[in-house]
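J.: To be precise about what I am sending: the file is called structure_33.txt and holds compact mmCIF, C-alpha atoms.
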# COMPACT_ATOMS: atom_id res chain seq x y z
CA MET I 1 -18.97 18.02 27.82
CA LYS I 2 -18.69 15.25 30.43
CA VAL I 3 -18.62 12.68 27.66
CA MET I 4 -15.86 14.59 25.89
CA ILE I 5 -13.72 14.78 29.02
CA SER I 6 -14.28 11.10 29.80
CA ALA I 7 -13.27 10.17 26.23
CA PHE I 8 -10.04 12.15 26.61
CA VAL I 9 -9.35 10.46 29.96
CA ALA I 10 -10.08 7.07 28.37
CA ALA I 11 -7.61 7.86 25.58
CA LEU I 12 -4.92 8.59 28.17
CA LEU I 13 -5.74 5.44 30.16
CA ILE I 14 -5.52 3.32 27.02
CA ALA I 15 -2.19 4.95 26.16
CA THR I 16 -0.86 4.23 29.64
CA ALA I 17 -2.03 0.63 29.63
CA ALA I 18 -0.89 -0.12 26.06
CA PRO I 19 2.82 -0.79 26.75
CA MET I 20 2.01 -3.16 29.63
CA VAL I 21 -0.61 -5.06 27.64
CA LEU I 22 1.71 -5.33 24.63
CA ASN I 23 4.50 -6.63 26.83
CA GLN I 24 2.17 -9.28 28.19
CA PHE I 25 1.71 -10.56 24.65
CA GLY I 26 5.41 -10.27 23.86
CA TRP I 27 4.76 -7.44 21.42
CA SER I 28 7.64 -5.20 22.23
CA SER I 29 9.82 -3.91 19.44
CA ALA I 30 12.88 -4.42 21.67
CA GLU I 31 11.81 -8.01 22.28
CA GLN I 32 11.41 -8.64 18.58
CA THR I 33 14.91 -7.54 17.69
CA SER I 34 17.01 -8.81 20.57
CA ALA I 35 15.45 -11.91 22.12
CA GLU I 36 17.15 -14.40 19.87
CA SER I 37 20.37 -12.47 19.37
CA VAL I 38 23.56 -14.25 20.23
CA ARG I 39 25.29 -12.46 23.07
CA LEU I 40 28.96 -13.09 23.66
CA ASP I 41 29.14 -11.64 27.20
CA MET Y 42 -13.43 19.13 -32.79
CA LYS Y 43 -12.85 16.86 -29.83
CA THR Y 44 -11.13 14.32 -32.07
CA LYS Y 45 -8.76 17.00 -33.35
CA LEU Y 46 -7.93 18.10 -29.82
CA PHE Y 47 -7.38 14.51 -28.78
CA SER Y 48 -5.10 13.89 -31.77
CA ALA Y 49 -3.12 17.03 -31.00
CA ALA Y 50 -2.69 15.93 -27.39
CA ILE Y 51 -1.49 12.48 -28.51
CA LEU Y 52 0.97 14.12 -30.92
CA VAL Y 53 2.38 16.36 -28.17
CA LEU Y 54 2.67 13.44 -25.76
CA ALA Y 55 4.38 11.29 -28.40
CA ALA Y 56 6.78 14.12 -29.25
CA LEU Y 57 7.65 14.51 -25.58
CA LEU Y 58 7.98 10.77 -25.11
CA PHE Y 59 10.43 10.33 -27.96
CA ASN Y 60 12.31 13.53 -27.33
CA PRO Y 61 15.98 12.64 -26.83
CA VAL Y 62 16.11 15.12 -23.93
CA TRP Y 63 13.96 12.76 -21.85
CA ALA Y 64 16.10 9.76 -22.57
CA GLN Y 65 18.85 9.98 -20.01
CA GLU Y 66 20.80 7.02 -21.23
CA SER Y 67 24.21 6.62 -19.72
CA PRO Y 68 27.01 7.50 -22.12
CA THR Y 69 29.69 4.94 -22.80
CA VAL Y 70 32.63 5.78 -20.56
CA ASP Y 71 36.19 4.81 -21.36
CA ARG Y 72 37.60 3.29 -18.15
CA THR Y 73 40.87 1.97 -19.51
CA ALA Y 74 42.74 4.70 -17.62
CA THR Y 75 41.44 3.38 -14.28
CA GLY Y 76 41.79 -0.27 -15.15
CA GLY Y 77 38.01 -0.68 -15.35
CA ALA Y 78 37.31 1.09 -12.05
CA GLN Y 79 35.08 4.15 -11.85
CA THR Y 80 36.25 7.41 -13.35
CA LEU Y 81 35.81 11.04 -12.37
CA GLU Y 82 33.05 11.22 -14.98
CA ASP Y 83 31.13 8.43 -13.20
CA ILE Y 84 31.43 10.24 -9.89
CA MET Y 85 30.36 13.57 -11.40
CA ARG Y 86 27.30 11.99 -13.06
CA ARG Y 87 26.23 10.47 -9.75
CA GLN Y 88 26.67 13.78 -7.96
CA LYS Y 89 24.44 15.42 -10.58
CA GLN Y 90 21.96 12.59 -9.95
CA LEU Y 91 22.14 11.55 -13.60
CA GLU Y 92 21.57 8.00 -14.74
CA THR Y 93 24.77 5.97 -14.35
CA ASP Y 94 25.51 2.54 -15.71
CA ASP Y 95 26.90 0.75 -12.68
CA SER Y 96 27.23 -2.62 -14.37
CA PHE Y 97 31.03 -2.24 -14.50
CA ARG Y 98 30.88 -2.45 -10.70
CA SER Y 99 27.71 -4.43 -9.98
CA GLU Y 100 28.83 -7.24 -12.28
CA ASN Y 101 32.47 -7.19 -11.23
CA LEU Y 102 32.06 -9.53 -8.27
CA GLY Y 103 34.92 -11.93 -8.87
CA ASP Y 104 34.78 -15.45 -10.18
CA PRO Y 105 35.89 -18.46 -8.13
CA ALA Y 106 36.50 -20.30 -11.42
CA ASN Y 107 39.32 -17.88 -12.10
CA ALA Y 108 41.03 -18.57 -8.77
CA ALA Y 109 44.72 -18.01 -8.94
CA PRO Y 110 46.94 -21.01 -8.23
CA ILE Y 111 47.82 -21.38 -4.58
CA THR Y 112 51.38 -20.60 -5.45
CA ASP Y 113 50.38 -17.11 -6.54
CA GLN Y 114 50.00 -14.09 -4.30
CA LEU Y 115 46.19 -14.26 -3.96
CA GLY Y 116 45.92 -17.98 -4.33
CA THR Y 117 44.62 -18.68 -0.85
CA ARG Y 118 41.77 -16.22 -1.31
CA GLY Y 119 40.35 -17.87 -4.33
CA GLY Y 120 38.87 -15.92 -7.21
CA VAL Y 121 37.02 -13.37 -5.12
CA SER Y 122 38.90 -10.49 -3.56
CA ASP Y 123 37.85 -8.24 -0.67
CA SER Y 124 36.86 -5.57 -3.18
CA ASP Y 125 34.69 -8.10 -5.00
CA ASN Y 126 33.05 -9.04 -1.70
CA TRP Y 127 32.34 -5.43 -0.79
CA ARG Y 128 30.83 -4.84 -4.21
CA SER Y 129 28.65 -7.93 -3.70
CA ILE Y 130 27.47 -6.45 -0.42
CA ARG Y 131 26.90 -3.06 -2.03
CA TYR Y 132 24.70 -4.51 -4.79
CA ASN Y 133 22.97 -7.04 -2.54
CA GLU Y 134 24.45 -9.94 -4.49
CA ILE Y 135 25.89 -11.71 -1.48
CA ASP Y 136 24.22 -14.35 0.64
CA PRO Y 137 25.43 -13.41 4.10
CA THR Y 138 25.10 -15.46 7.25
CA THR Y 139 25.00 -13.83 10.64
CA GLN Y 140 24.57 -14.85 14.24
CA VAL Y 141 22.24 -11.91 14.82
CA ARG Y 142 18.66 -13.10 14.53
CA GLY Y 143 17.00 -9.71 14.12
CA PRO Y 144 14.56 -9.46 11.21
CA ALA Y 145 16.71 -7.14 9.10
CA ALA Y 146 20.12 -8.43 10.20
CA GLU Y 147 20.95 -9.99 6.84
CA VAL Y 148 20.73 -6.69 4.99
CA LEU Y 149 24.21 -5.25 5.23
CA ILE Y 150 23.75 -2.27 2.94
CA GLN Y 151 20.66 -0.66 1.40
CA ASP Y 152 20.88 2.67 -0.32
CA GLY Y 153 17.33 3.96 0.13
CA GLY Y 154 18.23 5.84 3.29
CA MET Y 155 19.42 9.12 1.81
CA PRO Y 156 16.56 9.61 -0.70
CA TRP Y 157 14.10 8.81 2.12
CA TRP Y 158 15.78 11.24 4.50
CA LYS Y 159 15.92 14.00 1.86
CA LEU Y 160 12.24 13.49 1.01
CA ARG Y 161 11.32 13.53 4.69
CA GLU Y 162 13.35 16.59 5.61
CA GLY Y 163 12.61 18.48 2.38
CA PRO Y 164 9.38 18.21 0.38
CA MET Y 165 7.48 16.45 3.16
CA ILE Y 166 8.01 19.34 5.57
CA THR Y 167 7.73 22.06 2.92
CA TYR Y 168 4.59 20.84 1.15
CA GLY Y 169 2.94 19.23 4.20
CA GLY Y 170 3.52 22.21 6.49
CA GLY Y 171 2.76 24.66 3.66
CA ALA Y 172 -0.54 22.92 2.92
CA ILE Y 173 -1.63 23.18 6.55
CA LEU Y 174 -0.64 26.83 6.91
CA GLY Y 175 -2.15 27.70 3.53
CA PHE Y 176 -5.40 25.93 4.40
CA LEU Y 177 -5.63 27.71 7.76
CA ALA Y 178 -5.13 31.04 5.98
CA LEU Y 179 -7.82 30.08 3.47
CA LEU Y 180 -10.26 29.31 6.28
CA VAL Y 181 -9.58 32.68 7.91
CA VAL Y 182 -10.31 34.39 4.58
CA PHE Y 183 -13.43 32.24 4.14
CA TYR Y 184 -14.61 33.17 7.62
CA PHE Y 185 -14.32 36.89 6.89
CA VAL Y 186 -15.92 36.54 3.45
CA ARG Y 187 -18.79 34.20 4.34
CA GLY Y 188 -19.03 34.81 8.05
CA LYS Y 189 -20.53 32.42 10.55
CA ILE Y 190 -23.40 30.37 9.17
CA MET Y 191 -26.30 31.37 11.40
CA ILE Y 192 -29.61 29.71 12.13
CA ASP Y 193 -32.11 31.44 9.80
CA GLY Y 194 -34.68 33.19 11.95
CA GLY Y 195 -32.77 32.39 15.13
CA PRO Y 196 -32.86 29.32 17.40
CA ALA Y 197 -36.19 27.69 18.24
CA GLY Y 198 -35.35 27.37 21.91
CA THR Y 199 -36.29 23.68 22.02
CA THR Y 200 -33.79 20.94 21.40
CA ILE Y 201 -33.62 17.50 19.86
CA GLN Y 202 -31.11 14.79 20.67
CA ARG Y 203 -28.61 14.58 17.83
CA PHE Y 204 -26.08 12.09 19.19
CA LYS Y 205 -26.24 9.61 22.07
CA ALA Y 206 -23.53 9.53 24.74
CA VAL Y 207 -21.83 6.49 23.24
CA GLU Y 208 -21.67 8.19 19.83
CA ARG Y 209 -20.11 11.30 21.35
CA PHE Y 210 -17.67 9.15 23.34
CA GLY Y 211 -16.52 7.39 20.17
CA HIS Y 212 -16.21 10.71 18.34
CA TRP Y 213 -14.16 12.37 21.09
CA LEU Y 214 -11.99 9.29 21.59
CA LEU Y 215 -11.16 9.47 17.89
CA ALA Y 216 -10.88 13.26 17.80
CA GLY Y 217 -8.82 13.68 21.00
CA SER Y 218 -6.37 10.97 20.03
CA PHE Y 219 -6.12 12.30 16.46
CA ILE Y 220 -5.22 15.79 17.68
CA ALA Y 221 -2.60 14.32 20.04
CA LEU Y 222 -1.25 12.16 17.20
CA GLY Y 223 -1.21 15.11 14.80
CA LEU Y 224 0.67 17.39 17.16
CA THR Y 225 3.21 14.77 18.25
CA GLY Y 226 3.62 13.63 14.64
CA LEU Y 227 4.38 17.18 13.54
CA LEU Y 228 6.85 17.52 16.43
CA THR Y 229 8.59 14.33 15.33
CA LEU Y 230 8.71 15.38 11.69
CA MET Y 231 9.55 19.05 12.07
CA GLY Y 232 11.11 19.38 15.51
CA ARG Y 233 14.67 18.96 14.31
CA SER Y 234 14.26 21.72 11.77
CA PHE Y 235 12.27 24.24 13.77
CA LEU Y 236 12.54 23.54 17.51
CA ILE Y 237 16.21 22.63 17.99
CA PRO Y 238 17.36 26.05 16.71
CA VAL Y 239 15.01 27.69 19.25
CA ILE Y 240 15.11 25.52 22.39
CA GLY Y 241 18.31 23.55 21.88
CA HIS Y 242 19.09 19.84 21.62
CA ASP Y 243 18.59 18.90 25.28
CA ALA Y 244 15.12 20.42 25.64
CA PHE Y 245 14.07 18.99 22.30
CA ALA Y 246 15.32 15.54 23.26
CA THR Y 247 12.92 15.55 26.22
CA ILE Y 248 10.02 16.77 24.08
CA ALA Y 249 10.82 14.28 21.31
CA THR Y 250 10.94 11.36 23.76
CA GLY Y 251 7.59 12.39 25.26
CA SER Y 252 6.11 12.88 21.78
CA LYS Y 253 7.22 9.43 20.72
CA TRP Y 254 5.67 7.85 23.81
CA VAL Y 255 2.36 9.67 23.32
CA HIS Y 256 2.31 9.00 19.56
CA ASN Y 257 3.07 5.28 19.86
CA ASN Y 258 0.64 4.59 22.69
CA ILE Y 259 -2.31 6.87 22.04
CA ALA Y 260 -2.52 5.34 18.56
CA TRP Y 261 -4.53 2.49 20.13
CA SER Y 262 -7.21 4.97 21.28
CA PHE Y 263 -7.36 6.32 17.74
CA MET Y 264 -7.86 2.86 16.29
CA LEU Y 265 -10.54 2.03 18.87
CA GLY Y 266 -12.33 5.32 18.15
CA LEU Y 267 -12.10 4.60 14.42
CA VAL Y 268 -13.73 1.18 14.83
CA MET Y 269 -16.41 2.57 17.19
CA THR Y 270 -17.44 5.41 14.88
CA PHE Y 271 -17.37 3.15 11.83
CA VAL Y 272 -19.70 0.61 13.44
CA MET Y 273 -22.06 3.29 14.78
CA TRP Y 274 -22.30 5.49 11.68
CA VAL Y 275 -21.54 3.48 8.56
CA ALA Y 276 -25.22 2.71 7.92
CA HIS Y 277 -26.01 6.46 7.91
CA ASN Y 278 -23.14 7.27 5.57
CA ILE Y 279 -24.00 5.15 2.55
CA PRO Y 280 -24.08 7.59 -0.40
CA ASN Y 281 -27.44 8.13 -2.11
CA LYS Y 282 -29.07 10.41 -4.70
CA LEU Y 283 -29.84 13.02 -2.06
CA ASP Y 284 -26.12 13.63 -1.61
CA TRP Y 285 -25.78 14.68 -5.23
CA GLN Y 286 -28.52 17.28 -4.73
CA TRP Y 287 -26.72 18.52 -1.63
CA ILE Y 288 -23.41 18.80 -3.49
CA LYS Y 289 -25.04 20.60 -6.46
CA ALA Y 290 -26.48 23.12 -4.01
CA GLY Y 291 -23.01 23.58 -2.48
CA GLY Y 292 -24.40 22.51 0.86
CA GLY Y 293 -26.25 25.82 1.04
CA ILE Y 294 -23.06 27.57 2.08
CA PHE Y 295 -23.47 30.41 -0.40
CA THR Y 296 -27.23 30.28 -0.84
CA LYS Y 297 -30.12 31.14 1.41
CA GLY Y 298 -31.86 27.79 1.27
CA HIS Y 299 -30.61 24.59 2.88
CA PRO Y 300 -30.56 21.39 0.80
CA SER Y 301 -32.35 18.43 2.35
CA ALA Y 302 -30.34 15.90 4.32
CA LYS Y 303 -30.86 12.92 6.56
CA LYS Y 304 -28.72 12.28 9.66
CA PHE Y 305 -25.54 13.07 7.72
CA ASN Y 306 -25.33 15.36 4.69
CA ALA Y 307 -22.96 14.80 1.76
CA GLY Y 308 -20.25 16.98 3.31
CA GLN Y 309 -20.32 14.94 6.49
CA LYS Y 310 -20.27 11.72 4.47
CA ILE Y 311 -17.17 12.91 2.65
CA ILE Y 312 -15.50 13.60 6.00
CA PHE Y 313 -16.66 10.21 7.31
CA TRP Y 314 -15.24 8.20 4.42
CA THR Y 315 -12.07 10.30 4.31
CA VAL Y 316 -11.49 9.58 8.00
CA MET Y 317 -12.36 5.89 7.66
CA ILE Y 318 -10.29 5.13 4.57
CA LEU Y 319 -7.30 7.31 5.43
CA GLY Y 320 -7.63 6.39 9.12
CA ALA Y 321 -7.37 2.70 8.27
CA SER Y 322 -4.42 3.37 5.99
CA VAL Y 323 -2.58 5.53 8.50
CA SER Y 324 -3.25 2.89 11.18
CA LEU Y 325 -1.80 0.11 9.05
CA SER Y 326 1.33 2.06 8.15
CA GLY Y 327 1.56 3.13 11.81
CA LEU Y 328 1.43 -0.49 12.97
CA SER Y 329 4.15 -1.30 10.46
CA LEU Y 330 6.28 1.45 12.03
CA LEU Y 331 5.31 0.50 15.59
CA PHE Y 332 6.61 -3.04 15.13
CA PRO Y 333 9.68 -2.54 12.94
CA PHE Y 334 10.20 -5.16 10.23
CA GLN Y 335 7.31 -7.29 11.53
CA MET Y 336 4.56 -6.05 9.23
CA PRO Y 337 6.01 -5.29 5.79
CA MET Y 338 3.16 -4.25 3.50
CA PHE Y 339 4.47 -2.28 0.58
CA ALA Y 340 6.01 -5.02 -1.57
CA ASP Y 341 2.71 -6.92 -1.52
CA THR Y 342 0.69 -3.73 -2.05
CA PHE Y 343 2.88 -2.74 -5.00
CA ALA Y 344 2.46 -6.22 -6.48
CA VAL Y 345 -1.33 -5.84 -6.35
CA ILE Y 346 -1.17 -2.32 -7.83
CA ASN Y 347 1.15 -3.55 -10.60
CA SER Y 348 -1.18 -6.41 -11.47
CA VAL Y 349 -4.20 -4.09 -11.63
CA LEU Y 350 -2.72 -0.98 -13.21
CA GLY Y 351 0.20 -2.49 -15.08
CA THR Y 352 2.64 -0.25 -13.26
CA SER Y 353 6.14 -1.32 -12.29
CA PHE Y 354 6.50 -0.44 -8.62
CA PRO Y 355 9.28 -2.41 -6.91
CA THR Y 356 8.09 -5.69 -5.44
CA GLU Y 357 11.43 -6.75 -3.96
CA LEU Y 358 12.01 -4.46 -0.99
CA ALA Y 359 14.60 -4.70 1.75
CA PRO Y 360 13.11 -4.55 5.28
CA HIS Y 361 14.48 -1.03 5.69
CA GLU Y 362 12.90 0.09 2.44
CA GLU Y 363 9.57 -1.22 3.69
CA MET Y 364 9.99 1.00 6.76
CA GLN Y 365 10.95 4.00 4.64
CA TYR Y 366 7.87 3.60 2.43
CA ALA Y 367 5.68 3.13 5.53
CA ASN Y 368 7.11 6.29 7.08
CA ILE Y 369 6.58 8.45 4.00
CA TRP Y 370 3.09 7.07 3.34
CA HIS Y 371 2.18 7.55 7.02
CA SER Y 372 3.15 11.24 6.77
CA ILE Y 373 1.35 11.88 3.47
CA VAL Y 374 -1.90 10.29 4.66
CA ALA Y 375 -1.67 12.09 8.01
CA PHE Y 376 -1.27 15.47 6.29
CA VAL Y 377 -4.33 14.86 4.08
CA MET Y 378 -6.30 13.80 7.15
CA MET Y 379 -5.19 16.91 9.03
CA LEU Y 380 -6.50 19.12 6.21
CA ALA Y 381 -9.86 17.34 6.23
CA ILE Y 382 -10.11 17.51 10.01
CA ILE Y 383 -9.19 21.20 10.15
CA ALA Y 384 -12.12 21.87 7.79
CA HIS Y 385 -14.33 19.64 9.97
CA ILE Y 386 -13.28 21.45 13.17
CA TYR Y 387 -13.93 24.82 11.53
CA ILE Y 388 -17.47 24.02 10.39
CA GLY Y 389 -18.23 22.26 13.67
CA SER Y 390 -17.19 25.20 15.83
CA VAL Y 391 -16.64 28.81 14.73
CA GLY Y 392 -18.02 28.28 11.21
CA MET Y 393 -21.61 27.42 12.09
CA GLU Y 394 -23.94 28.51 14.84
CA GLY Y 395 -25.30 25.62 16.88
CA ALA Y 396 -23.12 22.91 15.28
CA PHE Y 397 -20.86 22.22 18.25
CA ASP Y 398 -23.80 21.33 20.49
CA ALA Y 399 -24.29 18.15 18.49
CA MET Y 400 -21.06 16.78 19.92
CA GLY Y 401 -20.95 19.03 22.99
CA ASN Y 402 -23.98 17.83 24.93
CA GLY Y 403 -25.73 15.92 22.16
CA GLN Y 404 -28.73 18.30 22.08
CA VAL Y 405 -29.14 20.60 19.08
CA ASP Y 406 -31.59 23.39 18.51
CA LEU Y 407 -34.67 22.12 16.70
CA GLU Y 408 -34.55 24.93 14.14
CA TRP Y 409 -30.88 24.22 13.41
CA ALA Y 410 -31.74 20.55 12.95
CA ARG Y 411 -34.66 21.36 10.63
CA GLN Y 412 -32.49 23.62 8.48
CA HIS Y 413 -29.52 21.27 8.15
CA HIS Y 414 -31.03 17.79 8.58
CA ASP Y 415 -34.72 18.20 7.79
CA LEU Y 416 -35.34 14.60 6.71
CA TRP Y 417 -33.62 13.26 9.84
CA VAL Y 418 -35.81 15.47 12.05
CA ALA Y 419 -38.88 14.20 10.23
CA GLU Y 420 -37.76 10.61 10.84
CA VAL Y 421 -37.14 11.26 14.55
CA GLU Y 422 -40.44 13.07 14.96
CA ALA Y 423 -42.27 10.30 13.15
CA LYS Y 424 -40.78 7.84 15.62
CA GLN Y 425 -41.46 9.91 18.71
CA GLY Y 426 -44.76 11.42 17.69
CA LYS Y 427 -45.29 14.92 16.30
CA GLY Y 428 -43.71 17.70 18.37
CA GLY Y 429 -41.44 15.32 20.21
CA SER Y 430 -38.54 17.31 21.46
CA SER Y 431 -36.22 16.40 24.28
Can you give me the file's structure in the form of structure tokens?

T.:
Amino acid sequence: MKVMISAFVAALLIATAAPMVLNQFGWSSAEQTSAESVRLD
Amino acid sequence: MKTKLFSAAILVLAALLFNPVWAQESPTVDRTATGGAQTLEDIMRRQKQLETDDSFRSENLGDPANAAPITDQLGTRGGVSDSDNWRSIRYNEIDPTTQVRGPAAEVLIQDGGMPWWKLREGPMITYGGGAILGFLALLVVFYFVRGKIMIDGGPAGTTIQRFKAVERFGHWLLAGSFIALGLTGLLTLMGRSFLIPVIGHDAFATIATGSKWVHNNIAWSFMLGLVMTFVMWVAHNIPNKLDWQWIKAGGGIFTKGHPSAKKFNAGQKIIFWTVMILGASVSLSGLSLLFPFQMPMFADTFAVINSVLGTSFPTELAPHEEMQYANIWHSIVAFVMMLAIIAHIYIGSVGMEGAFDAMGNGQVDLEWARQHHDLWVAEVEAKQGKGGSS
């Protein structure tokens, strides 16, 4: 059961770290659609 | 006899094929009363979702060669009017330029949105949800008819190691993330229909935002678990002749004897390959959805299918259509996976005595192992020396 619990915790840790890691590589959906947009303001 | 049946089937198919009822050709419509514009009949046919010949609009895009002289009323606008331009946009016959550099910015109109939305809100929820509920009901009936599969003669009392810690970690990483993905996916698909009427828009908005975060981010755990389990177990899941014997015996579910099996029996191999193939597919469509417009896959996939099967799936897809196909495919594959995993959870928990231990603490009862995986036990014992239990 310890292995099961640690796998669940690992899944949560990966989920928490994923957005930060993706941002580091520039893999954000927001980045992809707005970085090169022309802004008039 | 078979030839006669075959001929009769061909005849019926041919009759159906050439039946005028199937041919929904658009009737010729007199549009002189509207000056060539659409008529009430056109509108009514579209509302009834009948085939309509739109060429009177799609080909009426103006002609610069027919530009009126500058002295005339429309002279400065050339031979293409605003209406012509809007029709060009509507039928994707325009070559627009835009300052927006987003990947789908040059698509001004695409009309796949409503069919996608109707499919998602209608049949996808009805058949997908119905399949899950129906399957759960079937399992309940099965449980009461067959009962729990017990260890014949009772447990031996000694155990044998079935799975190492790393194998169980990979399994639970995959399983835990899949359950989270399944639940949050169902919330995303069905929440609007079933939760908003009960808890209201504000509460659902919070749940939906949380679901989206969990679904998007825990997907990486699922993919890691998928790779881990594939690497660890693929060698044990190559089909062989023994599997056919196991299938012919129905896995011993309704008989007293247990068919022979190595580390994984045919039923487990079916689950393994279902999870691997559908898991890879749901991951790919999920990545396509996770990074909108960055990973279009369906036009290329359709091209391959067309070249192999001779079908005529569309190979020119707007970026939004790619997303719509990815979304629908993602849901279909996920529902099939959920059905397979519900069956897997059942047999690995309440359906069979001693089965959960394999993934619980990795140690299974020796008698259970001998009854369900006799050849695997023999292999392990041969390696460890006779009587080797742990």

J.: Skipping near chain neighbours, those fewer than 6 positions away, what residues fall within 6 Å of segment 11-18 of chain I using only C-alpha atoms, listed as a short mmCIF file (atom, residue, chain, number, x, y, z; two decimals) with C-alpha atoms, in the frame of the given file?

T.:
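Now in selection.cif:
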data_model
loop_
_atom_site.label_atom_id
_atom_site.label_comp_id
_atom_site.auth_asym_id
_atom_site.auth_seq_id
_atom_site.Cartn_x
_atom_site.Cartn_y
_atom_site.Cartn_z
CA ASN Y 258 0.64 4.59 22.69
CA ILE Y 259 -2.31 6.87 22.04
CA SER Y 262 -7.21 4.97 21.28
#

J.: What lies within 10 Å of Leu328 of chain Y using all atoms listed in the file, ignoring chain neighbours under 6 positions off, as a compact mmCIF listing (two decimals) with C-alpha atoms, in the coordinates of the input?

T.:
# COMPACT_ATOMS: atom_id res chain seq x y z
CA ASN Y 257 3.07 5.28 19.86
CA ALA Y 260 -2.52 5.34 18.56
CA TRP Y 261 -4.53 2.49 20.13
CA SER Y 322 -4.42 3.37 5.99
CA GLN Y 335 7.31 -7.29 11.53
CA MET Y 336 4.56 -6.05 9.23
CA PRO Y 337 6.01 -5.29 5.79
CA ALA Y 367 5.68 3.13 5.53

J.: Taking all atoms listed in the file into account, name the residue in Y:Asp398, Y:Asp125, Y:Asp94, Y:Glu100 that is nearest to chain I.

T.: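 Looking only at the distances to chain I, the closest residue turns out to be Y:Asp398.
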
J.: Between Y:Thr296, Y:Ser329, Y:Ser390, Y:Gln365, which one has atoms that come closest to chain I, using all atoms listed in the file?

T.: Y:Ser329

J.: Using only C-alpha atoms and a cut-off of 7 Å, which residues of chain Y sit close to chain I? Please list them as a list in words.

T.: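 Residues passing the distance filter: Gln140, Val141, Arg142, Gly143, Pro144, Ala206, Arg209, Phe210, Trp213, Leu214, Gly217, Ser218, Asn258, Ile259, Trp261, Ser262, Phe332, Pro333, Gly401 and Asn402 of chain Y.
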
J.: Show me, as an NGL selection string, the residues that have an atom within 9 Å of His361 of chain Y when counting all atoms listed in the file, minus same-chain residues fewer than 4 positions from it.

T.: :Y and (145 or 148 or 151 or 153-154 or 333-334 or 365-366)

J.: Interatomic distance between atom CA of Gly403 of chain Y and atom CA of Phe376 of chain Y?

T.: 29.2 Å

J.: Please compute the atom CA of Asn126 of chain Y-atom CA of Pro110 of chain Y distance, one decimal, in Å.

T.: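 Here the two named atoms are 19.5 Å from each other.
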
J.: Work out how far apart atom CA of Gly26 of chain I and atom CA of Leu330 of chain Y are and give it in Å to one decimal.

T.: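 It comes out at 16.7 Å.
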
J.: Counting all atoms listed in the file, figure out which residue out of Y:Gln404, Y:Thr250, Y:Thr315, Y:Thr199 gets nearest to Thr225 of chain Y.

T.: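 Once distances to Thr225 of chain Y are computed over all atoms listed in the file, the minimum belongs to Y:Thr250.
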
J.: Which polymer residues have any atom within 8 Å of an atom of Leu230 of chain Y, counting all atoms listed in the file, with same-chain residues fewer than 2 positions away left out, as an NGL selection string?

T.: :Y and (161-162 or 166 or 226-228 or 232-233)

J.: List as a compact mmCIF listing (two decimals) with C-alpha atoms, in the frame of the given file the residues having at least one atom at most 7 Å from position (-34.7, 29.6, 6.0) as given in the file, counting all atoms listed in the file.

T.:
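Produced file part-v8.txt, reproduced below:
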# COMPACT_ATOMS: atom_id res chain seq x y z
CA ASP Y 193 -32.11 31.44 9.80
CA GLY Y 194 -34.68 33.19 11.95
CA LYS Y 297 -30.12 31.14 1.41
CA GLY Y 298 -31.86 27.79 1.27
CA GLN Y 412 -32.49 23.62 8.48
